[in-house]
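K.L.:
So that we are looking at the same thing, I have put the structure below in structure tokens.
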Amino acid sequence: MSRSSRTAKNDEDYSFVSPVVKYLLFFFNMIFWIIAMVLISVGIYSRIVKHETAFACLTVDPALILMIVGVLMFFLTFCGCVGSLRENICLLQTFCICLTILFLLQLVAGVLGFVFSDKARGKVTEMLNSAMKHYRDDLDLQNLIDYGQTEFNCCGGVSYMDWSQNIYFNCSEENPSHERCSVPYSCCLLVKNETVINTMCGHGMQKKDYLSAGEFINTNGCIDKVVNWIHSNLFLLGGIALGLAIPQLVGIVLSQVLISQIQDQIKLQDYNLRHHSDPWS
């Protein structure tokens with residue numbers, strides 16, 4: 001075989017597409033494709049089991065959020081998986097553009113949340129008040145509120161008196177409930193070496209003034225406690241935000257690199273085709 005023939009053969013075998021980039025992007029998307037399937041499954045299960053329950057008091061149903069996020073992730077990762085495996089520029093560009101738009105939307109949402117923090121706080125307060133009204137209507141919602149109040153050592157939205165919005169804890173004389181003027185046990189101060197939780201510790205606390213109630217329960221609201229926690233854990237939240245941003249940036253970079261390599265490979269194939277068809281060119 002002549003030197004020119006061997007050179008032409010090597011040109012045909014050479015590929016600009018790196019297998020490392022190609023399969024790294026494929027497995028990267030495969031992991032998030034599995035996560036998307038889990039989110040969709042959990043969302044559908046929650047929607048079926050929790051149909052028309054107290055979670056409807058929230059602005060957006062958590063199960064619906066899971067399903068929407070899962071479907072979007074499924075679509076994106078499908079484009080990424082198939083696009084990288086089949087070296088399809090159209091699918092890879094769809095994946096890259098959608099991921100870039102998603103990243104920018106998250107960035108804008110974070111900035112708007114910071115700039116309009118007062119409005120965001122008011123919306124969270126509204127959601128929490130609505131959730132407190134349905135405290136006894138759903139066990140999962142009840143456990144979620146109890147967990148939050150226990151973790152942040154708080155009670156209610158703004159103060160412990162917010163629990164009067166609940167029909168069972170309402171302090172009006174017309175309320176026949178045995179929990180009238182009470183607060184949930186998760187508002188109570190923790191007692192050292194207590195082996196059995198006293199679920200009646202919040203009984204009649206709304207009848208007491210702020211200082212008297214403070215001897216038995218957490219009187220401060222959860223909104224201020226959460227805001228203070230956010231301010232004192234900005235580095236942690238920044239790390240979480242960075243952890244969410246890095247996979248998206250990695251996906252964008254890998255897809256762009258692979259697109260560029262595929263385009264170079266197409267140019268090489270076109271050159272070889274013209275060169276073989278017209279040896280005098």
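Starting from 1 in every chain, residues are counted up; chains themselves are A, B, ... following the order of the structure tokens, and ligands are numbered from 1 as listed.
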Excluding A:Ala36 and any residue of its chain fewer than 4 positions from it, enumerate the residues within 8 Å of it, using only C-alpha atoms, and give them as a PDB file with C-alpha atoms, in the first residue's frame.

P.N.:
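part-v1.pdb written:
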```pdb
ATOM      1  CA  PHE A  32     -30.566  12.210  36.202  1.00  0.00           C
ATOM      2  CA  ILE A  40     -42.447  11.106  38.572  1.00  0.00           C
ATOM      3  CA  VAL A  69     -39.950  18.597  37.662  1.00  0.00           C
ATOM      4  CA  GLY A  70     -39.735  14.869  36.873  1.00  0.00           C
ATOM      5  CA  VAL A  71     -41.256  15.276  33.401  1.00  0.00           C
ATOM      6  CA  MET A  73     -35.911  16.248  33.777  1.00  0.00           C
ATOM      7  CA  PHE A  74     -37.050  13.194  31.807  1.00  0.00           C
TER       8      PHE A  74
END
```

K.L.:
Using only C-alpha atoms, what table do you get, as JSON lines, when you list each residue of stretch 207-230 of chain A with an atom no more than 6 Å from stretch 157-161 of chain A, its nearest pair of atoms, and their distance in Å rounded to one decimal, rows by chain then rising number?

P.N.:
```
{"residue": "A:Thr219", "atom": "CA", "partner": "A:Tyr160", "partner_atom": "CA", "distance": 5.2}
{"residue": "A:Asn220", "atom": "CA", "partner": "A:Ser159", "partner_atom": "CA", "distance": 5.0}
{"residue": "A:Gly221", "atom": "CA", "partner": "A:Val158", "partner_atom": "CA", "distance": 4.0}
{"residue": "A:Cys222", "atom": "CA", "partner": "A:Gly157", "partner_atom": "CA", "distance": 5.2}
{"residue": "A:Ile223", "atom": "CA", "partner": "A:Gly157", "partner_atom": "CA", "distance": 5.5}
```

K.L.:
Could the residues in this selection be written to a file with C-alpha atoms, as a CSV table (one decimal), in the first residue's frame?

P.N.:
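Saved as selection.csv:
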```csv
chain,number,residue,atom,x,y,z
A,219,THR,CA,-43.8,31.9,71.8
A,220,ASN,CA,-41.8,33.3,68.9
A,221,GLY,CA,-43.2,32.6,65.4
A,222,CYS,CA,-41.5,30.4,62.8
A,223,ILE,CA,-41.2,33.1,60.1
```

K.L.:
Among the residues of stretch 52-227 of chain A, find those DSSP assigns to alpha helix (DSSP H) from the backbone and print them as a VMD selection string.

P.N.:
chain A and resid 62 to 86 89 to 115 117 to 133 139 to 152 210 to 213 222 to 227

K.L.:
Counting only C-alpha atoms, what is within 9 Å of stretch 165-177 of chain A, bar same-chain residues fewer than 3 positions away, as a list in words?

P.N.:
Asn129, Ser130, Met132, Lys133, His134, Tyr135, Arg136, Met161, Asp162, Arg180, Cys181, Ser182, Val183, Pro184, Gly204, Gln206 and Lys207 of chain A

K.L.:
Between A:Leu234, A:Val82, A:Ile101, A:Cys96, single out the one closest to A:Ile259, counting only C-alpha atoms.

P.N.:
A:Cys96

K.L.:
For A:Gln93, please output as a PyMOL selection string all residues within 10 Å (counting only C-alpha atoms; exclusion window: fewer than 4 positions along the same chain).

P.N.:
chain A and resi 79-80+83+88-89+97-99+252+255-256+259

K.L.:
Can you measure atom CA of A:Phe103 to atom CA of A:Lys119 for me? One decimal in Å is fine.

P.N.:
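Between these atoms lies a distance of 23.0 Å.
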
K.L.:
Figure out the distance between atom CA of A:Leu128 and atom CA of A:Gly148, please, to one decimal in Å.

P.N.:
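It comes out at 11.0 Å.
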
K.L.:
Could you check the closest approach to A:Thr150 for each of A:Leu189, A:Val49, A:Ile246, A:Leu107 and tell me which residue wins, using only C-alpha atoms?

P.N.:
A:Leu189

K.L.:
Provide the atom CA of A:Asn153 to atom CA of A:His178 distance in Å, to one decimal place.

P.N.:
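Pair atom CA of A:Asn153 / atom CA of A:His178 returns 24.7 Å.
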
K.L.:
Smallest atom-to-atom distance to A:Glu87: which of A:Ile34, A:Val21, A:Ile197, A:Met67, using only C-alpha atoms?

P.N.:
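The closest residue to A:Glu87 is A:Val21.
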
K.L.:
Hey, what's within 8 Å of A:Phe26 if we count only C-alpha atoms and toss same-chain stuff fewer than 3 positions away? As a list in words, please?

P.N.:
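Surrounding residues, per the criterion: Lys22, Tyr23, Asn29, Met30, Gly80, Cys81, Val82, Ser84 and Leu85 of chain A.
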
K.L.:
Using only C-alpha atoms, determine which residues lie at most 9 Å from A:Asp146, disregarding the query and same-chain residues fewer than 4 positions distant; provide the list as a ChimeraX atom specification.

P.N.:
/A:141-142,150-151,184-187

K.L.:
Nearest to A:Ile48: which of A:Leu72, A:Ile31, A:Val20, A:Ala63 is it, counting only C-alpha atoms?

P.N.:
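Residue with the minimum atom-to-atom distance to A:Ile48: A:Ala63.
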
K.L.:
Excluding A:Ala120 and residues on its chain fewer than 6 positions from it, collect all residues at most 12 Å away from it, counting only C-alpha atoms, and give them as number ranges by chain.

P.N.:
A: 109-114, 126-127, 223, 227

K.L.:
Using only C-alpha atoms, find the one residue out of A:Val42, A:Leu25, A:Pro19, A:Leu237 that sits nearest to A:Leu92.

P.N.:
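Closest candidate: A:Leu25.
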